[in-house]
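Here is protein_20.cif, consisting of mmCIF, N, CA and C atoms:
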data_input
#
loop_
_atom_site.label_atom_id
_atom_site.label_comp_id
_atom_site.auth_asym_id
_atom_site.auth_seq_id
_atom_site.Cartn_x
_atom_site.Cartn_y
_atom_site.Cartn_z
N MET A 106 14.45 -58.55 216.21
CA MET A 106 15.78 -58.00 216.39
C MET A 106 16.21 -58.22 217.85
N LYS A 107 17.42 -58.70 218.02
CA LYS A 107 17.95 -58.90 219.36
C LYS A 107 18.19 -57.55 220.02
N ARG A 108 17.97 -57.52 221.33
CA ARG A 108 18.13 -56.25 222.06
C ARG A 108 19.52 -55.66 221.89
N GLU A 109 20.54 -56.49 221.88
CA GLU A 109 21.90 -55.95 221.78
C GLU A 109 22.20 -55.36 220.40
N HIS A 110 21.28 -55.54 219.44
CA HIS A 110 21.43 -54.95 218.11
C HIS A 110 20.51 -53.75 217.92
N ASN A 111 19.70 -53.45 218.92
CA ASN A 111 18.75 -52.34 218.86
C ASN A 111 19.42 -51.08 219.41
N THR A 112 19.60 -50.09 218.55
CA THR A 112 20.32 -48.87 218.92
C THR A 112 19.65 -48.15 220.09
N ILE A 113 18.33 -48.02 220.03
CA ILE A 113 17.61 -47.31 221.09
C ILE A 113 17.80 -48.01 222.42
N TYR A 114 17.71 -49.34 222.41
CA TYR A 114 17.91 -50.12 223.63
C TYR A 114 19.32 -49.89 224.19
N LEU A 115 20.31 -49.95 223.32
CA LEU A 115 21.70 -49.77 223.76
C LEU A 115 21.94 -48.36 224.33
N LEU A 116 21.37 -47.35 223.67
CA LEU A 116 21.52 -45.99 224.18
C LEU A 116 20.87 -45.84 225.55
N LYS A 117 19.68 -46.39 225.70
CA LYS A 117 18.97 -46.30 226.99
C LYS A 117 19.72 -47.05 228.08
N GLN A 118 20.22 -48.22 227.78
CA GLN A 118 20.98 -48.99 228.77
C GLN A 118 22.26 -48.27 229.16
N THR A 119 22.90 -47.62 228.20
CA THR A 119 24.09 -46.83 228.49
C THR A 119 23.74 -45.69 229.43
N GLU A 120 22.65 -45.01 229.14
CA GLU A 120 22.20 -43.91 230.01
C GLU A 120 21.91 -44.41 231.42
N LEU A 121 21.18 -45.51 231.53
CA LEU A 121 20.83 -46.05 232.85
C LEU A 121 22.07 -46.48 233.63
N THR A 122 23.01 -47.11 232.94
CA THR A 122 24.25 -47.54 233.58
C THR A 122 25.04 -46.33 234.06
N PHE A 123 25.14 -45.32 233.20
CA PHE A 123 25.86 -44.10 233.58
C PHE A 123 25.21 -43.43 234.78
N GLU A 124 23.90 -43.37 234.77
CA GLU A 124 23.18 -42.74 235.88
C GLU A 124 23.41 -43.50 237.19
N LYS A 125 23.42 -44.82 237.11
CA LYS A 125 23.66 -45.64 238.30
C LYS A 125 25.07 -45.40 238.84
N VAL A 126 26.07 -45.42 237.97
CA VAL A 126 27.45 -45.17 238.38
C VAL A 126 27.58 -43.75 238.93
N SER A 127 26.95 -42.81 238.26
CA SER A 127 26.99 -41.42 238.68
C SER A 127 26.39 -41.24 240.07
N ASN A 128 25.23 -41.83 240.29
CA ASN A 128 24.58 -41.73 241.60
C ASN A 128 25.46 -42.31 242.70
N GLU A 129 26.16 -43.38 242.38
CA GLU A 129 27.06 -44.01 243.36
C GLU A 129 28.23 -43.08 243.70
N ILE A 130 28.83 -42.48 242.68
CA ILE A 130 29.96 -41.57 242.89
C ILE A 130 29.52 -40.30 243.62
N LEU A 131 28.28 -39.87 243.37
CA LEU A 131 27.78 -38.63 243.98
C LEU A 131 27.18 -38.83 245.37
N LYS A 132 27.06 -40.07 245.80
CA LYS A 132 26.46 -40.37 247.10
C LYS A 132 27.09 -39.60 248.26
N PRO A 133 28.42 -39.46 248.33
CA PRO A 133 29.02 -38.71 249.44
C PRO A 133 28.57 -37.24 249.51
N TYR A 134 28.10 -36.71 248.38
CA TYR A 134 27.64 -35.32 248.34
C TYR A 134 26.12 -35.22 248.54
N ALA A 135 25.47 -36.36 248.69
CA ALA A 135 24.00 -36.42 248.81
C ALA A 135 23.34 -35.77 247.60
N LEU A 136 23.88 -36.05 246.42
CA LEU A 136 23.34 -35.53 245.17
C LEU A 136 22.99 -36.68 244.24
N THR A 137 21.97 -36.47 243.43
CA THR A 137 21.66 -37.41 242.36
C THR A 137 22.32 -36.90 241.08
N HIS A 138 22.36 -37.76 240.10
CA HIS A 138 22.92 -37.37 238.80
C HIS A 138 22.16 -36.18 238.22
N ALA A 139 20.84 -36.20 238.30
CA ALA A 139 20.02 -35.11 237.76
C ALA A 139 20.31 -33.79 238.48
N GLN A 140 20.47 -33.83 239.79
CA GLN A 140 20.79 -32.62 240.54
C GLN A 140 22.19 -32.11 240.18
N PHE A 141 23.12 -33.04 240.03
CA PHE A 141 24.49 -32.69 239.67
C PHE A 141 24.54 -32.00 238.31
N LYS A 142 23.75 -32.48 237.37
CA LYS A 142 23.70 -31.86 236.04
C LYS A 142 23.27 -30.40 236.15
N ILE A 143 22.30 -30.13 237.01
CA ILE A 143 21.83 -28.75 237.16
C ILE A 143 22.91 -27.88 237.78
N ILE A 144 23.60 -28.39 238.78
CA ILE A 144 24.70 -27.62 239.39
C ILE A 144 25.77 -27.33 238.34
N LYS A 145 26.14 -28.34 237.55
CA LYS A 145 27.15 -28.13 236.50
C LYS A 145 26.68 -27.08 235.49
N TYR A 146 25.40 -27.13 235.12
CA TYR A 146 24.85 -26.13 234.20
C TYR A 146 24.98 -24.73 234.82
N LEU A 147 24.64 -24.61 236.09
CA LEU A 147 24.71 -23.31 236.75
C LEU A 147 26.15 -22.79 236.82
N TYR A 148 27.13 -23.69 236.90
CA TYR A 148 28.53 -23.26 236.83
C TYR A 148 28.81 -22.60 235.47
N THR A 149 28.26 -23.17 234.41
CA THR A 149 28.57 -22.66 233.06
C THR A 149 27.91 -21.32 232.77
N VAL A 150 26.84 -21.00 233.50
CA VAL A 150 26.13 -19.74 233.25
C VAL A 150 26.26 -18.78 234.43
N GLU A 151 27.24 -19.05 235.28
CA GLU A 151 27.43 -18.22 236.48
C GLU A 151 27.58 -16.76 236.08
N GLY A 152 26.89 -15.90 236.82
CA GLY A 152 26.92 -14.47 236.52
C GLY A 152 25.79 -14.04 235.61
N GLN A 153 25.12 -14.99 234.99
CA GLN A 153 23.98 -14.68 234.13
C GLN A 153 22.68 -14.90 234.91
N THR A 154 21.61 -14.27 234.45
CA THR A 154 20.30 -14.48 235.05
C THR A 154 19.77 -15.83 234.59
N VAL A 155 19.40 -16.68 235.55
CA VAL A 155 18.88 -18.01 235.23
C VAL A 155 17.55 -18.19 235.94
N ILE A 156 16.56 -18.64 235.18
CA ILE A 156 15.26 -18.98 235.75
C ILE A 156 14.97 -20.45 235.45
N GLN A 157 13.93 -20.97 236.07
CA GLN A 157 13.60 -22.38 235.90
C GLN A 157 13.42 -22.75 234.44
N LYS A 158 12.79 -21.89 233.67
CA LYS A 158 12.53 -22.15 232.25
C LYS A 158 13.83 -22.41 231.48
N ASP A 159 14.88 -21.70 231.84
CA ASP A 159 16.18 -21.90 231.17
C ASP A 159 16.66 -23.33 231.37
N ILE A 160 16.52 -23.84 232.58
CA ILE A 160 16.95 -25.20 232.89
C ILE A 160 16.08 -26.21 232.16
N GLU A 161 14.77 -25.96 232.14
CA GLU A 161 13.84 -26.86 231.43
C GLU A 161 14.23 -26.97 229.97
N GLN A 162 14.51 -25.84 229.34
CA GLN A 162 14.84 -25.84 227.92
C GLN A 162 16.21 -26.47 227.65
N TYR A 163 17.18 -26.17 228.47
CA TYR A 163 18.53 -26.69 228.27
C TYR A 163 18.55 -28.22 228.33
N PHE A 164 17.84 -28.77 229.33
CA PHE A 164 17.85 -30.22 229.52
C PHE A 164 16.65 -30.93 228.89
N ARG A 165 15.75 -30.15 228.29
CA ARG A 165 14.52 -30.71 227.70
C ARG A 165 13.75 -31.53 228.74
N MET A 166 13.59 -30.94 229.91
CA MET A 166 12.87 -31.58 231.01
C MET A 166 11.55 -30.84 231.23
N SER A 167 10.61 -31.54 231.83
CA SER A 167 9.32 -30.92 232.14
C SER A 167 9.47 -29.95 233.31
N SER A 168 8.52 -29.03 233.40
CA SER A 168 8.55 -28.05 234.49
C SER A 168 8.40 -28.73 235.84
N VAL A 169 7.60 -29.78 235.90
CA VAL A 169 7.39 -30.52 237.15
C VAL A 169 8.70 -31.17 237.61
N THR A 170 9.40 -31.81 236.69
CA THR A 170 10.66 -32.47 237.02
C THR A 170 11.69 -31.46 237.51
N VAL A 171 11.84 -30.36 236.80
CA VAL A 171 12.82 -29.35 237.19
C VAL A 171 12.44 -28.72 238.53
N ALA A 172 11.16 -28.45 238.72
CA ALA A 172 10.71 -27.86 239.99
C ALA A 172 11.07 -28.76 241.16
N ARG A 173 10.85 -30.06 241.01
CA ARG A 173 11.16 -31.02 242.07
C ARG A 173 12.66 -31.05 242.35
N LEU A 174 13.46 -31.04 241.30
CA LEU A 174 14.92 -31.03 241.47
C LEU A 174 15.38 -29.75 242.18
N LEU A 175 14.81 -28.62 241.80
CA LEU A 175 15.20 -27.35 242.41
C LEU A 175 14.80 -27.28 243.88
N VAL A 176 13.63 -27.81 244.21
CA VAL A 176 13.20 -27.84 245.62
C VAL A 176 14.23 -28.60 246.45
N ASN A 177 14.64 -29.76 245.96
CA ASN A 177 15.62 -30.57 246.70
C ASN A 177 17.00 -29.91 246.76
N LEU A 178 17.40 -29.30 245.67
CA LEU A 178 18.70 -28.60 245.67
C LEU A 178 18.68 -27.43 246.66
N GLU A 179 17.57 -26.73 246.72
CA GLU A 179 17.46 -25.61 247.65
C GLU A 179 17.41 -26.11 249.09
N LYS A 180 16.66 -27.16 249.32
CA LYS A 180 16.53 -27.75 250.66
C LYS A 180 17.89 -28.20 251.20
N ASN A 181 18.76 -28.67 250.32
CA ASN A 181 20.08 -29.16 250.71
C ASN A 181 21.19 -28.12 250.54
N ASP A 182 20.78 -26.87 250.38
CA ASP A 182 21.72 -25.74 250.36
C ASP A 182 22.69 -25.74 249.18
N TRP A 183 22.22 -26.18 248.01
CA TRP A 183 23.04 -26.12 246.80
C TRP A 183 22.70 -24.88 245.97
N ILE A 184 21.44 -24.46 246.02
CA ILE A 184 21.00 -23.28 245.26
C ILE A 184 20.15 -22.39 246.16
N VAL A 185 19.97 -21.14 245.68
CA VAL A 185 19.07 -20.19 246.30
C VAL A 185 18.16 -19.67 245.20
N ARG A 186 16.87 -19.60 245.51
CA ARG A 186 15.92 -19.00 244.57
C ARG A 186 15.40 -17.71 245.17
N THR A 187 15.46 -16.65 244.37
CA THR A 187 14.94 -15.35 244.82
C THR A 187 13.99 -14.82 243.76
N GLN A 188 12.96 -14.13 244.23
CA GLN A 188 11.96 -13.60 243.31
C GLN A 188 12.55 -12.49 242.45
N SER A 189 12.26 -12.54 241.17
CA SER A 189 12.73 -11.53 240.23
C SER A 189 12.01 -10.21 240.51
N GLU A 190 12.76 -9.13 240.50
CA GLU A 190 12.15 -7.82 240.69
C GLU A 190 11.39 -7.39 239.45
N ARG A 191 11.84 -7.84 238.28
CA ARG A 191 11.18 -7.47 237.02
C ARG A 191 9.90 -8.25 236.79
N ASP A 192 9.88 -9.52 237.19
CA ASP A 192 8.70 -10.36 236.98
C ASP A 192 8.50 -11.22 238.23
N LYS A 193 7.56 -10.83 239.06
CA LYS A 193 7.34 -11.48 240.36
C LYS A 193 6.97 -12.96 240.22
N ARG A 194 6.59 -13.39 239.02
CA ARG A 194 6.22 -14.80 238.81
C ARG A 194 7.45 -15.69 238.65
N GLN A 195 8.60 -15.08 238.45
CA GLN A 195 9.81 -15.85 238.19
C GLN A 195 10.76 -15.82 239.38
N ASN A 196 11.43 -16.94 239.58
CA ASN A 196 12.47 -17.02 240.60
C ASN A 196 13.83 -17.11 239.91
N LEU A 197 14.76 -16.30 240.36
CA LEU A 197 16.12 -16.35 239.87
C LEU A 197 16.86 -17.44 240.64
N ILE A 198 17.67 -18.20 239.96
CA ILE A 198 18.36 -19.34 240.56
C ILE A 198 19.86 -19.07 240.58
N ARG A 199 20.43 -19.20 241.78
CA ARG A 199 21.87 -18.98 241.95
C ARG A 199 22.47 -20.11 242.79
N LEU A 200 23.73 -20.36 242.59
CA LEU A 200 24.45 -21.33 243.41
C LEU A 200 24.75 -20.73 244.78
N THR A 201 24.76 -21.57 245.79
CA THR A 201 25.16 -21.13 247.12
C THR A 201 26.69 -21.15 247.21
N GLU A 202 27.20 -20.60 248.29
CA GLU A 202 28.65 -20.64 248.52
C GLU A 202 29.13 -22.09 248.62
N LYS A 203 28.32 -22.93 249.24
CA LYS A 203 28.65 -24.36 249.34
C LYS A 203 28.92 -24.95 247.96
N ALA A 204 28.03 -24.67 247.01
CA ALA A 204 28.18 -25.19 245.65
C ALA A 204 29.37 -24.54 244.94
N LYS A 205 29.51 -23.24 245.11
CA LYS A 205 30.63 -22.54 244.47
C LYS A 205 31.97 -23.07 244.96
N ASN A 206 32.05 -23.37 246.25
CA ASN A 206 33.30 -23.85 246.83
C ASN A 206 33.69 -25.24 246.34
N LEU A 207 32.74 -25.98 245.80
CA LEU A 207 33.03 -27.34 245.32
C LEU A 207 33.22 -27.41 243.80
N LYS A 208 33.28 -26.26 243.15
CA LYS A 208 33.36 -26.24 241.68
C LYS A 208 34.56 -27.04 241.16
N VAL A 209 35.73 -26.80 241.69
CA VAL A 209 36.93 -27.51 241.22
C VAL A 209 36.81 -29.00 241.51
N GLU A 210 36.35 -29.33 242.70
CA GLU A 210 36.17 -30.74 243.07
C GLU A 210 35.16 -31.42 242.14
N PHE A 211 34.09 -30.70 241.82
CA PHE A 211 33.07 -31.27 240.94
C PHE A 211 33.57 -31.44 239.51
N GLU A 212 34.51 -30.62 239.08
CA GLU A 212 35.12 -30.82 237.77
C GLU A 212 35.87 -32.15 237.74
N THR A 213 36.54 -32.47 238.84
CA THR A 213 37.23 -33.75 238.97
C THR A 213 36.23 -34.90 238.97
N VAL A 214 35.12 -34.72 239.68
CA VAL A 214 34.06 -35.74 239.71
C VAL A 214 33.52 -35.96 238.30
N SER A 215 33.30 -34.89 237.56
CA SER A 215 32.83 -35.00 236.17
C SER A 215 33.80 -35.80 235.32
N ASP A 216 35.08 -35.52 235.49
CA ASP A 216 36.11 -36.26 234.75
C ASP A 216 36.09 -37.74 235.12
N GLN A 217 35.89 -38.04 236.41
CA GLN A 217 35.80 -39.43 236.86
C GLN A 217 34.61 -40.13 236.20
N LEU A 218 33.48 -39.44 236.16
CA LEU A 218 32.28 -40.02 235.57
C LEU A 218 32.49 -40.32 234.09
N GLU A 219 33.06 -39.35 233.39
CA GLU A 219 33.34 -39.53 231.95
C GLU A 219 34.29 -40.71 231.74
N SER A 220 35.31 -40.78 232.57
CA SER A 220 36.30 -41.84 232.46
C SER A 220 35.68 -43.22 232.73
N ARG A 221 34.80 -43.29 233.70
CA ARG A 221 34.14 -44.57 234.01
C ARG A 221 33.30 -45.04 232.83
N LEU A 222 32.65 -44.11 232.16
CA LEU A 222 31.79 -44.48 231.04
C LEU A 222 32.59 -44.80 229.78
N THR A 223 33.63 -44.04 229.53
CA THR A 223 34.33 -44.16 228.25
C THR A 223 35.72 -44.78 228.38
N GLY A 224 36.08 -45.23 229.55
CA GLY A 224 37.42 -45.73 229.82
C GLY A 224 37.87 -46.90 228.96
N ARG A 225 36.94 -47.65 228.42
CA ARG A 225 37.31 -48.81 227.59
C ARG A 225 37.53 -48.44 226.12
N LEU A 226 37.31 -47.17 225.80
CA LEU A 226 37.48 -46.72 224.42
C LEU A 226 38.84 -46.04 224.26
N ASP A 227 39.49 -46.26 223.12
CA ASP A 227 40.72 -45.51 222.87
C ASP A 227 40.32 -44.13 222.33
N ALA A 228 41.29 -43.25 222.14
CA ALA A 228 41.01 -41.87 221.75
C ALA A 228 40.25 -41.78 220.43
N THR A 229 40.60 -42.63 219.48
CA THR A 229 39.93 -42.63 218.17
C THR A 229 38.48 -43.06 218.31
N GLU A 230 38.25 -44.13 219.06
CA GLU A 230 36.88 -44.62 219.27
C GLU A 230 36.03 -43.57 219.99
N LEU A 231 36.63 -42.91 220.98
CA LEU A 231 35.90 -41.90 221.73
C LEU A 231 35.50 -40.74 220.84
N GLU A 232 36.40 -40.29 220.00
CA GLU A 232 36.06 -39.19 219.09
C GLU A 232 35.01 -39.62 218.08
N GLU A 233 35.10 -40.85 217.60
CA GLU A 233 34.10 -41.37 216.67
C GLU A 233 32.73 -41.46 217.36
N LEU A 234 32.71 -41.93 218.60
CA LEU A 234 31.46 -42.00 219.35
C LEU A 234 30.84 -40.62 219.50
N ARG A 235 31.64 -39.65 219.91
CA ARG A 235 31.14 -38.28 220.07
C ARG A 235 30.59 -37.74 218.75
N SER A 236 31.29 -37.99 217.68
CA SER A 236 30.85 -37.53 216.37
C SER A 236 29.51 -38.16 215.98
N LEU A 237 29.39 -39.46 216.20
CA LEU A 237 28.14 -40.15 215.88
C LEU A 237 26.99 -39.67 216.76
N LEU A 238 27.25 -39.45 218.03
CA LEU A 238 26.20 -38.96 218.92
C LEU A 238 25.75 -37.55 218.54
N ARG A 239 26.71 -36.69 218.17
CA ARG A 239 26.34 -35.35 217.70
C ARG A 239 25.47 -35.43 216.46
N LYS A 240 25.81 -36.34 215.58
CA LYS A 240 25.04 -36.54 214.35
C LYS A 240 23.62 -36.98 214.69
N MET A 241 23.50 -37.90 215.64
CA MET A 241 22.18 -38.38 216.05
C MET A 241 21.37 -37.26 216.72
N LEU A 242 22.02 -36.43 217.50
CA LEU A 242 21.33 -35.34 218.19
C LEU A 242 20.88 -34.23 217.24
N ALA A 243 21.42 -34.23 216.05
CA ALA A 243 21.08 -33.19 215.08
C ALA A 243 19.74 -33.43 214.40
N ILE A 244 19.06 -34.51 214.77
CA ILE A 244 17.76 -34.76 214.14
C ILE A 244 16.80 -33.64 214.50
N ASP A 245 15.87 -33.41 213.63
CA ASP A 245 14.84 -32.40 213.87
C ASP A 245 13.77 -33.02 214.76
N LEU A 246 13.61 -32.50 215.96
CA LEU A 246 12.66 -33.07 216.91
C LEU A 246 11.21 -32.90 216.46
N ASP A 247 10.98 -32.05 215.48
CA ASP A 247 9.61 -31.83 214.99
C ASP A 247 9.22 -32.78 213.87
N GLU A 248 10.15 -33.63 213.45
CA GLU A 248 9.85 -34.55 212.32
C GLU A 248 8.77 -35.52 212.70
#

Would you give me this structure, written as structure tokens?
Amino acid sequence: MKREHNTIYLLKQTELTFEKVSNEILKPYALTHAQFKIIKYLYTVEGQTVIQKDIEQYFRMSSVTVARLLVNLEKNDWIVRTQSERDKRQNLIRLTEKAKNLKVEFETVSDQLESRLTGRLDATELEELRSLLRKMLAIDLDE
């Protein structure tokens, strides 16, 4: 089977291309695509208690990967981690003022990223793509 006819290959190449474009757009903020995803997630759960495990589960990432991302986000003043009073083994994760102040700007950046990836699709194609991707994501991971 030719690579351009292999669905898995095409999905992976799309992901890699998107990540490359994303990293380029995020360069002025000194953020990677993976770090940006975590900041965006924290915007959606703002005001709620968030621990590392929540991020691992949401993104289906390993604890090592998330820990490394959080260390860098904290080092660059995007997040703050504080020890939970209820469970000293857990750190609560919150956005810094720096991150909060860029929320509106980052929404625009997200729109730019989406547009760069899907800009060649018309509205019908885009909705069809989203529908097909949702269908693919509905597979049972335990199969």

For this file, the PyMOL selection byres (((chain A and resi 183-197 and name CA) around 10) and name CA) selects which residues, as a JSON list (two decimals) with N, CA and C atoms, in the coordinates of the input?
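As written to disk, part10.json reads:
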[["chain", "number", "residue", "atom", "x", "y", "z"],
["A", 136, "LEU", "N", 23.88, -36.05, 246.42],
["A", 136, "LEU", "CA", 23.34, -35.53, 245.17],
["A", 136, "LEU", "C", 22.99, -36.68, 244.24],
["A", 140, "GLN", "N", 20.47, -33.83, 239.79],
["A", 140, "GLN", "CA", 20.79, -32.62, 240.54],
["A", 140, "GLN", "C", 22.19, -32.11, 240.18],
["A", 141, "PHE", "N", 23.12, -33.04, 240.03],
["A", 141, "PHE", "CA", 24.49, -32.69, 239.67],
["A", 141, "PHE", "C", 24.54, -32.00, 238.31],
["A", 143, "ILE", "N", 22.30, -30.13, 237.01],
["A", 143, "ILE", "CA", 21.83, -28.75, 237.16],
["A", 143, "ILE", "C", 22.91, -27.88, 237.78],
["A", 144, "ILE", "N", 23.60, -28.39, 238.78],
["A", 144, "ILE", "CA", 24.70, -27.62, 239.39],
["A", 144, "ILE", "C", 25.77, -27.33, 238.34],
["A", 147, "LEU", "N", 24.64, -24.61, 236.09],
["A", 147, "LEU", "CA", 24.71, -23.31, 236.75],
["A", 147, "LEU", "C", 26.15, -22.79, 236.82],
["A", 153, "GLN", "N", 25.12, -14.99, 234.99],
["A", 153, "GLN", "CA", 23.98, -14.68, 234.13],
["A", 153, "GLN", "C", 22.68, -14.90, 234.91],
["A", 154, "THR", "N", 21.61, -14.27, 234.45],
["A", 154, "THR", "CA", 20.30, -14.48, 235.05],
["A", 154, "THR", "C", 19.77, -15.83, 234.59],
["A", 155, "VAL", "N", 19.40, -16.68, 235.55],
["A", 155, "VAL", "CA", 18.88, -18.01, 235.23],
["A", 155, "VAL", "C", 17.55, -18.19, 235.94],
["A", 156, "ILE", "N", 16.56, -18.64, 235.18],
["A", 156, "ILE", "CA", 15.26, -18.98, 235.75],
["A", 156, "ILE", "C", 14.97, -20.45, 235.45],
["A", 157, "GLN", "N", 13.93, -20.97, 236.07],
["A", 157, "GLN", "CA", 13.60, -22.38, 235.90],
["A", 157, "GLN", "C", 13.42, -22.75, 234.44],
["A", 158, "LYS", "N", 12.79, -21.89, 233.67],
["A", 158, "LYS", "CA", 12.53, -22.15, 232.25],
["A", 158, "LYS", "C", 13.83, -22.41, 231.48],
["A", 175, "LEU", "N", 14.81, -28.62, 241.80],
["A", 175, "LEU", "CA", 15.20, -27.35, 242.41],
["A", 175, "LEU", "C", 14.80, -27.28, 243.88],
["A", 176, "VAL", "N", 13.63, -27.81, 244.21],
["A", 176, "VAL", "CA", 13.20, -27.84, 245.62],
["A", 176, "VAL", "C", 14.23, -28.60, 246.45],
["A", 177, "ASN", "N", 14.64, -29.76, 245.96],
["A", 177, "ASN", "CA", 15.62, -30.57, 246.70],
["A", 177, "ASN", "C", 17.00, -29.91, 246.76],
["A", 178, "LEU", "N", 17.40, -29.30, 245.67],
["A", 178, "LEU", "CA", 18.70, -28.60, 245.67],
["A", 178, "LEU", "C", 18.68, -27.43, 246.66],
["A", 179, "GLU", "N", 17.57, -26.73, 246.72],
["A", 179, "GLU", "CA", 17.46, -25.61, 247.65],
["A", 179, "GLU", "C", 17.41, -26.11, 249.09],
["A", 180, "LYS", "N", 16.66, -27.16, 249.32],
["A", 180, "LYS", "CA", 16.53, -27.75, 250.66],
["A", 180, "LYS", "C", 17.89, -28.20, 251.20],
["A", 181, "ASN", "N", 18.76, -28.67, 250.32],
["A", 181, "ASN", "CA", 20.08, -29.16, 250.71],
["A", 181, "ASN", "C", 21.19, -28.12, 250.54],
["A", 182, "ASP", "N", 20.78, -26.87, 250.38],
["A", 182, "ASP", "CA", 21.72, -25.74, 250.36],
["A", 182, "ASP", "C", 22.69, -25.74, 249.18],
["A", 198, "ILE", "N", 17.67, -18.20, 239.96],
["A", 198, "ILE", "CA", 18.36, -19.34, 240.56],
["A", 198, "ILE", "C", 19.86, -19.07, 240.58],
["A", 199, "ARG", "N", 20.43, -19.20, 241.78],
["A", 199, "ARG", "CA", 21.87, -18.98, 241.95],
["A", 199, "ARG", "C", 22.47, -20.11, 242.79],
["A", 200, "LEU", "N", 23.73, -20.36, 242.59],
["A", 200, "LEU", "CA", 24.45, -21.33, 243.41],
["A", 200, "LEU", "C", 24.75, -20.73, 244.78],
["A", 201, "THR", "N", 24.76, -21.57, 245.79],
["A", 201, "THR", "CA", 25.16, -21.13, 247.12],
["A", 201, "THR", "C", 26.69, -21.15, 247.21],
["A", 202, "GLU", "N", 27.20, -20.60, 248.29],
["A", 202, "GLU", "CA", 28.65, -20.64, 248.52],
["A", 202, "GLU", "C", 29.13, -22.09, 248.62],
["A", 203, "LYS", "N", 28.32, -22.93, 249.24],
["A", 203, "LYS", "CA", 28.65, -24.36, 249.34],
["A", 203, "LYS", "C", 28.92, -24.95, 247.96],
["A", 204, "ALA", "N", 28.03, -24.67, 247.01],
["A", 204, "ALA", "CA", 28.18, -25.19, 245.65],
["A", 204, "ALA", "C", 29.37, -24.54, 244.94],
["A", 205, "LYS", "N", 29.51, -23.24, 245.11],
["A", 205, "LYS", "CA", 30.63, -22.54, 244.47],
["A", 205, "LYS", "C", 31.97, -23.07, 244.96]]

Can you tell me how far CA of Arg173 (chain A) sits from atom C of Leu218 (chain A), in Å to one decimal?
24.6 Å

Residues within 9 Å of Lys208 (chain A), please, as a PyMOL selection string. Count only C-alpha atoms; anything in the same chain fewer than 4 positions from it doesn't count.
chain A and resi 145+148+204+212-213

Generate a file of the selected residues that holds N, CA and C atoms, formatted as an mmCIF file, in the frame of the given file.
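Now in again.cif:
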data_model
loop_
_atom_site.group_PDB
_atom_site.id
_atom_site.type_symbol
_atom_site.label_atom_id
_atom_site.label_comp_id
_atom_site.auth_asym_id
_atom_site.auth_seq_id
_atom_site.Cartn_x
_atom_site.Cartn_y
_atom_site.Cartn_z
ATOM 1 N N LYS A 145 26.140 -28.340 237.550
ATOM 2 C CA LYS A 145 27.150 -28.130 236.500
ATOM 3 C C LYS A 145 26.680 -27.080 235.490
ATOM 4 N N TYR A 148 27.130 -23.690 236.900
ATOM 5 C CA TYR A 148 28.530 -23.260 236.830
ATOM 6 C C TYR A 148 28.810 -22.600 235.470
ATOM 7 N N ALA A 204 28.030 -24.670 247.010
ATOM 8 C CA ALA A 204 28.180 -25.190 245.650
ATOM 9 C C ALA A 204 29.370 -24.540 244.940
ATOM 10 N N GLU A 212 34.510 -30.620 239.080
ATOM 11 C CA GLU A 212 35.120 -30.820 237.770
ATOM 12 C C GLU A 212 35.870 -32.150 237.740
ATOM 13 N N THR A 213 36.540 -32.470 238.840
ATOM 14 C CA THR A 213 37.230 -33.750 238.970
ATOM 15 C C THR A 213 36.230 -34.900 238.970
#

Please compute the atom C of Glu232 (chain A)-atom N of Leu115 (chain A) distance, one decimal, in Å.
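If I compute the distance from atom C of Glu232 (chain A) to atom N of Leu115 (chain A), I get 18.7 Å.
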
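Atom to atom, atom N of Leu174 (chain A) and atom C of Lys132 (chain A) stand 17.5 Å apart.
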
Secondary structure check, strand (DSSP E) residues of chain A, as a list in words:
Ile184, Val185, Arg186, Thr187, Gln188, Asn196, Leu197, Ile198, Arg199 and Leu200 of chain A

Which residues in chain A does DSSP call alpha helix (DSSP H)? List them as a VMD selection string.
chain A and resid 112 to 131 138 to 149 157 to 164 168 to 180 202 to 206 208 to 223 228 to 242

As AutoDock Vina command-line options, please report the centre and edge lengths, rounded to one decimal in Å, of the axis-aligned box that holds all listed atoms of region 227-240 of chain A with 5 Å of padding on each of the six sides.
--center_x 32.5 --center_y -40.8 --center_z 218.7 --size_x 27.7 --size_y 20.9 --size_z 18.8

Between A:Ile130, A:Leu116, A:Leu231, A:Leu121, which has the minimum distance to Phe211 (chain A) (counting only C-alpha atoms)?
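For Phe211 (chain A), the nearest of the given residues is A:Ile130.
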